[in-house]
>>> print(open('coords11.txt').read())   # compact mmCIF, C-alpha atoms and all ligand atoms
# COMPACT_ATOMS: atom_id res chain seq x y z
CA MET A 5 -111.71 -145.18 51.62
CA ILE A 6 -108.80 -142.97 50.63
CA GLN A 7 -105.98 -143.84 53.02
CA GLY A 8 -102.88 -142.79 51.11
CA ILE A 9 -101.73 -139.78 49.10
CA CYS A 10 -99.03 -140.10 46.44
CA PHE A 11 -97.33 -136.80 45.64
CA ASP A 12 -95.35 -135.81 42.61
CA LEU A 13 -92.26 -133.77 43.60
CA ASP A 14 -91.18 -131.20 40.97
CA GLY A 15 -93.86 -128.51 40.81
CA VAL A 16 -95.92 -129.98 43.67
CA LEU A 17 -93.84 -130.21 46.87
CA VAL A 18 -91.12 -127.84 45.67
CA GLN A 19 -90.77 -125.45 42.73
CA THR A 20 -87.95 -127.39 41.08
CA ASP A 21 -90.11 -127.42 37.93
CA ASN A 22 -88.75 -123.91 37.32
CA LEU A 23 -85.16 -125.13 37.81
CA HIS A 24 -85.77 -127.90 35.24
CA TYR A 25 -86.98 -125.20 32.84
CA LEU A 26 -83.99 -122.91 33.48
CA ALA A 27 -81.51 -125.78 33.05
CA TRP A 28 -83.11 -126.86 29.73
CA LYS A 29 -83.26 -123.22 28.62
CA GLY A 30 -79.52 -122.85 29.33
CA LEU A 31 -78.79 -125.85 27.09
CA ALA A 32 -81.14 -124.62 24.34
CA ASP A 33 -79.56 -121.13 24.40
CA ARG A 34 -76.07 -122.61 24.14
CA LEU A 35 -77.17 -124.65 21.11
CA GLY A 36 -78.99 -121.64 19.60
CA ILE A 37 -82.36 -123.41 19.63
CA PRO A 38 -85.56 -121.53 20.61
CA PHE A 39 -87.19 -122.96 23.75
CA ASP A 40 -90.03 -121.34 25.68
CA ARG A 41 -92.20 -121.83 28.78
CA ALA A 42 -94.96 -123.59 26.82
CA GLN A 43 -92.43 -126.21 25.72
CA GLY A 44 -91.19 -126.35 29.31
CA ASP A 45 -94.74 -127.16 30.44
CA ARG A 46 -94.78 -130.10 28.03
CA CYS A 47 -91.64 -131.45 29.78
CA ARG A 48 -93.56 -131.76 33.06
CA GLY A 49 -93.77 -135.33 34.29
CA ILE A 50 -91.99 -136.98 31.38
CA SER A 51 -88.47 -138.42 31.42
CA ARG A 52 -85.21 -136.54 30.92
CA MET A 53 -84.62 -137.98 27.43
CA GLU A 54 -88.23 -137.32 26.35
CA SER A 55 -87.82 -133.74 27.57
CA LEU A 56 -84.65 -133.38 25.50
CA GLU A 57 -86.62 -134.29 22.35
CA ILE A 58 -88.93 -131.34 23.09
CA VAL A 59 -85.91 -129.06 23.58
CA LEU A 60 -84.56 -130.16 20.19
CA GLU A 61 -87.81 -129.89 18.24
CA HIS A 62 -87.02 -126.44 16.75
CA THR A 63 -83.78 -127.41 15.07
CA ASP A 64 -83.20 -129.18 11.76
CA HIS A 65 -79.87 -130.49 12.96
CA ILE A 66 -79.83 -134.27 13.48
CA TYR A 67 -77.93 -135.11 16.66
CA SER A 68 -76.48 -138.56 17.30
CA ALA A 69 -77.51 -140.70 20.27
CA GLU A 70 -74.12 -139.94 21.87
CA GLU A 71 -74.59 -136.18 21.46
CA LYS A 72 -78.06 -136.45 22.99
CA GLU A 73 -76.64 -138.38 25.95
CA ARG A 74 -74.08 -135.61 26.45
CA PHE A 75 -76.77 -132.89 26.25
CA ALA A 76 -78.92 -134.67 28.84
CA GLN A 77 -75.87 -135.02 31.08
CA GLU A 78 -74.98 -131.35 30.62
CA LYS A 79 -78.52 -130.29 31.55
CA ASN A 80 -78.48 -132.58 34.57
CA GLU A 81 -75.17 -131.13 35.79
CA THR A 82 -76.57 -127.58 35.50
CA TYR A 83 -79.74 -128.71 37.28
CA ARG A 84 -77.86 -130.46 40.11
CA ALA A 85 -75.71 -127.36 40.64
CA MET A 86 -79.00 -125.47 41.20
CA LEU A 87 -80.30 -128.22 43.53
CA ALA A 88 -77.12 -127.97 45.60
CA ARG A 89 -78.30 -124.51 46.69
CA LEU A 90 -81.80 -125.70 47.72
CA SER A 91 -82.75 -125.49 51.39
CA PRO A 92 -85.90 -125.99 53.51
CA SER A 93 -86.63 -122.27 53.02
CA ASP A 94 -87.35 -123.01 49.33
CA LEU A 95 -90.43 -125.06 50.24
CA PRO A 96 -93.70 -123.19 49.66
CA ALA A 97 -94.93 -122.02 53.09
CA ASP A 98 -97.99 -124.29 53.11
CA VAL A 99 -96.19 -127.57 52.24
CA LEU A 100 -94.81 -128.66 55.63
CA PRO A 101 -97.90 -127.72 57.72
CA THR A 102 -100.18 -129.42 55.17
CA LEU A 103 -98.17 -132.65 55.11
CA ARG A 104 -97.97 -132.72 58.92
CA GLU A 105 -101.72 -132.22 59.29
CA LEU A 106 -102.56 -134.89 56.70
CA ARG A 107 -100.34 -137.36 58.58
CA ARG A 108 -101.89 -136.36 61.88
CA ARG A 109 -105.28 -137.19 60.35
CA GLY A 110 -104.03 -140.67 59.50
CA TYR A 111 -103.20 -140.40 55.80
CA ARG A 112 -100.11 -142.31 54.65
CA LEU A 113 -97.95 -140.20 52.36
CA ALA A 114 -95.71 -141.30 49.50
CA LEU A 115 -93.55 -139.69 46.87
CA ALA A 116 -94.31 -140.70 43.27
CA SER A 117 -91.75 -138.78 41.21
CA GLY A 118 -90.13 -139.79 37.93
CA SER A 119 -86.99 -137.85 38.84
CA LYS A 120 -83.68 -139.57 39.47
CA ASN A 121 -82.70 -136.48 41.50
CA ALA A 122 -85.56 -136.89 43.99
CA GLY A 123 -83.31 -138.22 46.78
CA LEU A 124 -81.10 -135.13 46.62
CA ILE A 125 -84.13 -132.80 46.65
CA LEU A 126 -85.73 -134.59 49.63
CA THR A 127 -82.46 -134.33 51.55
CA ARG A 128 -81.83 -130.67 50.71
CA THR A 129 -85.38 -129.60 51.65
CA GLY A 130 -85.78 -131.82 54.73
CA LEU A 131 -88.94 -133.45 53.31
CA ARG A 132 -87.88 -137.09 53.70
CA PRO A 133 -89.07 -137.63 57.32
CA LEU A 134 -92.61 -136.59 56.35
CA LEU A 135 -92.98 -139.36 53.78
CA ASP A 136 -93.87 -142.97 54.57
CA ALA A 137 -92.54 -144.20 51.22
CA VAL A 138 -90.46 -142.88 48.34
CA ALA A 139 -90.92 -144.04 44.74
CA ASP A 140 -88.69 -142.15 42.33
CA GLY A 141 -87.06 -142.36 38.91
CA THR A 142 -84.62 -144.99 40.15
CA CYS A 143 -87.48 -147.46 40.82
CA ILE A 144 -89.21 -147.48 37.43
CA THR A 145 -88.65 -148.36 33.79
CA ARG A 146 -91.60 -146.46 32.26
CA SER A 147 -92.22 -142.76 32.86
CA LYS A 148 -95.56 -140.95 33.28
CA PRO A 149 -98.19 -141.14 31.79
CA ASP A 150 -97.50 -144.84 32.42
CA PRO A 151 -98.98 -145.72 35.85
CA GLU A 152 -95.86 -147.59 37.04
CA ILE A 153 -94.62 -144.91 39.47
CA PHE A 154 -98.01 -144.54 41.19
CA LEU A 155 -98.52 -148.32 41.35
CA THR A 156 -95.06 -148.63 42.92
CA ALA A 157 -95.83 -145.90 45.47
CA ALA A 158 -99.13 -147.58 46.46
CA GLN A 159 -97.37 -150.91 46.84
CA MET A 160 -94.73 -149.31 49.06
CA LEU A 161 -97.52 -147.90 51.23
CA ASP A 162 -99.08 -151.37 51.31
CA LEU A 163 -102.34 -149.92 49.97
CA SER A 164 -104.39 -150.69 46.88
CA PRO A 165 -104.20 -147.93 44.22
CA GLN A 166 -107.97 -147.42 44.70
CA ALA A 167 -107.26 -146.43 48.30
CA CYS A 168 -104.86 -143.69 47.14
CA ALA A 169 -105.04 -140.23 45.61
CA ALA A 170 -102.43 -138.96 43.12
CA VAL A 171 -101.39 -135.29 43.30
CA ASP A 172 -99.52 -133.99 40.24
CA ASP A 173 -98.83 -130.71 38.42
CA ALA A 174 -98.27 -132.50 35.08
CA VAL A 175 -101.04 -133.55 32.74
CA ALA A 176 -98.94 -136.70 32.10
CA GLY A 177 -98.84 -137.24 35.88
CA VAL A 178 -102.59 -136.93 36.30
CA GLN A 179 -103.02 -139.40 33.43
CA ALA A 180 -100.60 -141.77 35.16
CA GLY A 181 -102.50 -141.56 38.45
CA ARG A 182 -105.80 -142.17 36.69
CA ALA A 183 -104.36 -145.14 34.78
CA ALA A 184 -103.23 -146.55 38.14
CA GLY A 185 -106.85 -146.37 39.35
CA MET A 186 -106.32 -143.50 41.79
CA VAL A 187 -108.42 -140.43 42.42
CA THR A 188 -106.46 -137.58 40.83
CA VAL A 189 -105.76 -134.08 42.12
CA GLY A 190 -104.37 -131.51 39.71
CA ILE A 191 -102.32 -128.59 40.98
CA GLY A 192 -100.56 -125.79 39.09
CA ASP A 193 -100.33 -126.48 35.35
CA SER A 194 -102.57 -129.61 35.38
CA ALA A 195 -105.17 -127.75 37.47
CA ARG A 196 -105.19 -124.84 35.02
CA ARG A 197 -105.96 -127.40 32.34
CA SER A 198 -108.65 -129.04 34.55
CA ALA A 199 -106.90 -132.39 34.11
CA GLY A 200 -107.59 -133.80 37.58
CA ASP A 201 -110.78 -135.17 39.17
CA TYR A 202 -110.15 -132.28 41.59
CA ASN A 203 -108.12 -129.20 40.66
CA LEU A 204 -106.49 -126.96 43.25
CA MET A 205 -104.95 -123.52 43.00
CA CYS A 206 -102.49 -124.03 45.88
CA PHE A 207 -101.03 -126.84 47.96
CA GLY A 208 -102.75 -125.76 51.18
CA GLN A 209 -106.15 -126.43 49.59
CA LEU A 210 -105.38 -130.14 49.94
CA LEU A 211 -106.40 -129.83 53.58
CA ASP A 212 -109.84 -128.48 52.65
CA LEU A 213 -110.20 -131.34 50.18
CA PHE A 214 -108.94 -134.27 52.23
CA LEU A 215 -110.35 -133.18 55.56
CA GLN A 216 -113.93 -132.78 54.33
CA PRO A 217 -115.85 -135.21 56.54
CA ASP A 218 -117.52 -136.84 53.53
CA PHE A 219 -114.48 -136.79 51.21
CA LYS A 220 -113.29 -140.32 51.89
CA SER A 221 -116.67 -141.92 51.35
CA ASN A 222 -117.74 -139.69 48.45
CA LEU A 223 -114.95 -140.56 46.09
CA ARG A 224 -115.35 -143.19 43.44
CA MET A 225 -114.33 -146.56 44.87
C1 LIG B 301 -90.14 -134.96 36.59
C2 LIG B 301 -90.14 -133.62 35.88
O1 LIG B 301 -90.48 -134.77 37.93
O2 LIG B 301 -88.85 -135.56 36.51
C3 LIG B 301 -89.67 -133.80 34.44
O3 LIG B 301 -91.45 -133.09 35.89
C4 LIG B 301 -88.30 -134.46 34.43
O4 LIG B 301 -89.62 -132.55 33.81
C5 LIG B 301 -88.38 -135.80 35.19
O5 LIG B 301 -87.88 -134.68 33.10
C6 LIG B 301 -87.02 -136.50 35.27
O6 LIG B 301 -86.20 -135.74 36.13
P1 LIG B 301 -84.65 -135.92 36.35
O7 LIG B 301 -84.38 -135.08 37.58
O8 LIG B 301 -84.40 -137.38 36.60
O9 LIG B 301 -83.97 -135.43 35.13
MG MG B 302 -94.24 -132.36 38.52
>>> encode(input="coords11.txt", output="structure tokens", more="lines below")
Ligand code: BG6
Ligand code: MG
Amino acid sequence: MIQGICFDLDGVLVQTDNLHYLAWKGLADRLGIPFDRAQGDRCRGISRMESLEIVLEHTDHIYSAEEKERFAQEKNETYRAMLARLSPSDLPADVLPTLRELRRRGYRLALASGSKNAGLILTRTGLRPLLDAVADGTCITRSKPDPEIFLTAAQMLDLSPQACAAVDDAVAGVQAGRAAGMVTVGIGDSARRSAGDYNLMCFGQLLDLFLQPDFKSNLRM
């Protein structure tokens, strides 16, 4: 029985994936390094420092560890300045009604995000009260595709990973959910790449999926 749903944040509950891209792009432009959307897609789900390596892949310049730390900090400051302007009106229209209906139907909902900025985003958007548990980048040592974040979220929900579904827009995130033993649902970029066990074109389609009478018993268990 699927009893819990573990959601990624950036690119699933809110379009902060685009803000990550714009903040990295700002850094890359300042450094004179080409950086495009396809590279931005490869930053989905992975850690800040791993993303920076993708940003730096089209330069021959060798940067020191200290310089890289400063670049990551610079990007994060730009990103947080963007997050400071977020409000509940930035949530896609189907997110709140979908989460409320899933809870009403008895599903327990958790965040499973690798971001250390998740707390700020949940506060700015008003999402926190709709979640039964929050696992974020401050709780883990290994980023997606390692399963740690999804295993932590399931534990916080007091459910086995097999009783949970993982919803993620990143291929690395879908891989993490699968490695945790969860049913995986791709959305956005991961759905376009057919990475999930189920692949959805928009968030609202989760209702169709999870409220099918035979969905809970049909999934692999
Ligand atoms: C993930 C994003 O949610 O969080 C990644 O998809 C990002 O692109 C990662 O690198 C870490 O985020 P933050 O906010 O801690 O830099
Ligand atoms: Mg994401």
>>> closest_residue(input="coords11.txt", among="A:Ala137, A:Ile6, A:Ile58, A:Cys47", to="ligand MG 302 (chain B)", atoms="all atoms listed in the file")
A:Cys47
>>> closest_residue(input="coords11.txt", among="A:Pro151, A:Gly110, A:Gly49, A:Pro92", to="ligand LIG 301 (chain B)", atoms="all atoms listed in the file")
A:Gly49
>>> atom_distance(input="coords11.txt", atom1="CA of Leu210 (chain A)", atom2="CA of Val171 (chain A)")
9.3 Å
>>> closest_residue(input="coords11.txt", among="A:Tyr111, A:Ala176, A:His24, A:Lys148", to="Leu135 (chain A)", atoms="all atoms listed in the file")
A:Tyr111
>>> atom_distance(input="coords11.txt", atom1="CA of Phe11 (chain A)", atom2="CA of Leu113 (chain A)")
7.6 Å
>>> closest_atom_pairs(input="coords11.txt", of="chain A", to="ligand MG 302 (chain B)", cutoff="7 Å", atoms="only C-alpha atoms and all ligand atoms", output="Markdown table")
| residue | atom | partner | partner_atom | distance |
| --- | --- | --- | --- | --- |
| A:Asp12 | CA | B:MG302 | MG | 5.5 |
| A:Leu13 | CA | B:MG302 | MG | 5.6 |
| A:Asp14 | CA | B:MG302 | MG | 4.1 |
| A:Gly15 | CA | B:MG302 | MG | 4.5 |
| A:Val16 | CA | B:MG302 | MG | 5.9 |
| A:Asp21 | CA | B:MG302 | MG | 6.5 |
| A:Arg48 | CA | B:MG302 | MG | 5.5 |
| A:Gly49 | CA | B:MG302 | MG | 5.2 |
| A:Asp172 | CA | B:MG302 | MG | 5.8 |
| A:Asp173 | CA | B:MG302 | MG | 4.9 |
| A:Ala174 | CA | B:MG302 | MG | 5.3 |
>>> residues_around(input="coords11.txt", residues="Cys143 (chain A)", least_positions_apart="5", cutoff="10 Å", atoms="all atoms listed in the file", output="VMD selection string")
chain A and resid 116 to 120 138 152 to 153 156 to 157
>>> residues_around(input="coords11.txt", residues="Glu61 (chain A)", least_positions_apart="3", cutoff="9 Å", atoms="all atoms listed in the file", output="ChimeraX atom specification")
/A:37-39,56-58,64
>>> atom_distance(input="coords11.txt", atom1="CA of Glu70 (chain A)", atom2="CA of Asp45 (chain A)")
25.7 Å
>>> closest_residue(input="coords11.txt", among="A:Arg41, A:Arg108, A:Arg46, A:Arg132", to="ligand LIG 301 (chain B)", atoms="all atoms listed in the file")
A:Arg46
>>> closest_atom_pairs(input="coords11.txt", of="region 47-154 of chain A", to="region 198-208 of chain A", cutoff="9 Å", atoms="all atoms listed in the file", output="Markdown table")
| residue | atom | partner | partner_atom | distance |
| --- | --- | --- | --- | --- |
| A:Pro96 | CA | A:Phe207 | CA | 8.4 |
| A:Ala97 | CA | A:Gly208 | CA | 8.9 |
| A:Asp98 | CA | A:Gly208 | CA | 5.3 |
| A:Val99 | CA | A:Phe207 | CA | 6.5 |
| A:Pro101 | CA | A:Gly208 | CA | 8.4 |
| A:Thr102 | CA | A:Gly208 | CA | 6.0 |
>>> residues_near_point(input="coords11.txt", point="(-94.7, -146.0, 55.4)", cutoff="7 Å", atoms="only C-alpha atoms", output="PyMOL selection string")
chain A and resi 112+136-137+161
>>> closest_residue(input="coords11.txt", among="A:Glu78, A:Asp212, A:Glu105, A:Glu54", to="ligand LIG 301 (chain B)", atoms="all atoms listed in the file")
A:Glu54
>>> closest_residue(input="coords11.txt", among="A:Ala122, A:Arg74, A:Leu115, A:Gly8", to="ligand LIG 301 (chain B)", atoms="only C-alpha atoms and all ligand atoms")
A:Ala122
>>> axis_aligned_box(input="coords11.txt", around="ligand LIG 301 (chain B)", padding_each_side="3 Å", output="AutoDock Vina command-line options")
--center_x -87.7 --center_y -135.0 --center_z 35.5 --size_x 13.5 --size_y 10.8 --size_z 10.8
>>> decode(input="coords11.txt", residues="region 82-94 of chain A", atoms="all heavy atoms", output="compact mmCIF listing (two decimals), in the first residue's frame")
# COMPACT_ATOMS: atom_id res chain seq x y z
N THR A 82 22.92 35.38 -4.82
CA THR A 82 22.04 35.83 -5.91
C THR A 82 20.71 35.09 -5.84
O THR A 82 19.63 35.68 -5.95
CB THR A 82 22.69 35.52 -7.29
OG1 THR A 82 24.00 36.04 -7.30
CG2 THR A 82 21.88 36.09 -8.43
N TYR A 83 20.82 33.77 -5.61
CA TYR A 83 19.62 32.91 -5.57
C TYR A 83 18.72 33.31 -4.39
O TYR A 83 17.51 33.46 -4.56
CB TYR A 83 20.09 31.46 -5.45
CG TYR A 83 18.99 30.43 -5.38
CD1 TYR A 83 18.03 30.32 -6.38
CD2 TYR A 83 18.92 29.56 -4.30
CE1 TYR A 83 17.03 29.37 -6.32
CE2 TYR A 83 17.92 28.59 -4.23
CZ TYR A 83 16.98 28.51 -5.23
OH TYR A 83 15.98 27.57 -5.16
N ARG A 84 19.32 33.54 -3.22
CA ARG A 84 18.52 33.89 -2.04
C ARG A 84 17.87 35.26 -2.20
O ARG A 84 16.77 35.50 -1.69
CB ARG A 84 19.36 33.81 -0.77
CG ARG A 84 19.57 32.36 -0.33
CD ARG A 84 20.36 32.27 0.96
NE ARG A 84 19.62 32.71 2.13
CZ ARG A 84 18.88 31.92 2.90
NH1 ARG A 84 18.76 30.64 2.62
NH2 ARG A 84 18.26 32.40 3.96
N ALA A 85 18.52 36.16 -2.93
CA ALA A 85 17.90 37.47 -3.19
C ALA A 85 16.64 37.27 -4.04
O ALA A 85 15.63 37.95 -3.85
CB ALA A 85 18.89 38.39 -3.88
N MET A 86 16.69 36.29 -4.95
CA MET A 86 15.50 35.97 -5.77
C MET A 86 14.43 35.32 -4.88
O MET A 86 13.24 35.63 -4.99
CB MET A 86 15.87 35.01 -6.90
CG MET A 86 16.81 35.60 -7.94
SD MET A 86 17.36 34.29 -9.06
CE MET A 86 18.28 35.24 -10.25
N LEU A 87 14.85 34.42 -4.00
CA LEU A 87 13.89 33.73 -3.11
C LEU A 87 13.18 34.71 -2.18
O LEU A 87 12.02 34.50 -1.82
CB LEU A 87 14.59 32.66 -2.27
CG LEU A 87 15.22 31.48 -3.02
CD1 LEU A 87 15.80 30.48 -2.02
CD2 LEU A 87 14.22 30.80 -3.94
N ALA A 88 13.88 35.78 -1.82
CA ALA A 88 13.29 36.76 -0.90
C ALA A 88 12.05 37.40 -1.50
O ALA A 88 11.21 37.95 -0.79
CB ALA A 88 14.33 37.83 -0.55
N ARG A 89 11.93 37.35 -2.83
CA ARG A 89 10.75 37.95 -3.50
C ARG A 89 9.65 36.93 -3.76
O ARG A 89 8.62 37.25 -4.32
CB ARG A 89 11.18 38.62 -4.81
CG ARG A 89 12.13 39.79 -4.59
CD ARG A 89 12.32 40.61 -5.86
NE ARG A 89 13.07 39.89 -6.88
CZ ARG A 89 14.41 39.92 -6.99
NH1 ARG A 89 15.12 40.62 -6.13
NH2 ARG A 89 15.02 39.25 -7.93
N LEU A 90 9.89 35.65 -3.39
CA LEU A 90 8.86 34.61 -3.62
C LEU A 90 7.65 34.85 -2.73
O LEU A 90 7.78 35.33 -1.61
CB LEU A 90 9.42 33.23 -3.22
CG LEU A 90 10.11 32.32 -4.22
CD1 LEU A 90 10.31 30.96 -3.56
CD2 LEU A 90 9.32 32.18 -5.51
N SER A 91 6.48 34.45 -3.21
CA SER A 91 5.28 34.54 -2.39
C SER A 91 4.36 33.39 -2.77
O SER A 91 4.60 32.70 -3.77
CB SER A 91 4.57 35.87 -2.62
OG SER A 91 3.86 35.82 -3.83
N PRO A 92 3.28 33.15 -2.00
CA PRO A 92 2.37 32.05 -2.34
C PRO A 92 1.85 32.14 -3.78
O PRO A 92 1.53 31.12 -4.39
CB PRO A 92 1.24 32.20 -1.32
CG PRO A 92 1.90 32.85 -0.14
CD PRO A 92 2.91 33.79 -0.72
N SER A 93 1.80 33.36 -4.33
CA SER A 93 1.28 33.49 -5.70
C SER A 93 2.23 32.88 -6.74
O SER A 93 1.86 32.71 -7.90
CB SER A 93 1.01 34.95 -6.03
OG SER A 93 2.22 35.65 -6.07
N ASP A 94 3.46 32.55 -6.33
CA ASP A 94 4.40 31.91 -7.27
C ASP A 94 4.19 30.40 -7.36
O ASP A 94 4.84 29.74 -8.18
CB ASP A 94 5.84 32.20 -6.85
CG ASP A 94 6.19 33.65 -7.06
OD1 ASP A 94 6.02 34.12 -8.19
OD2 ASP A 94 6.58 34.32 -6.09
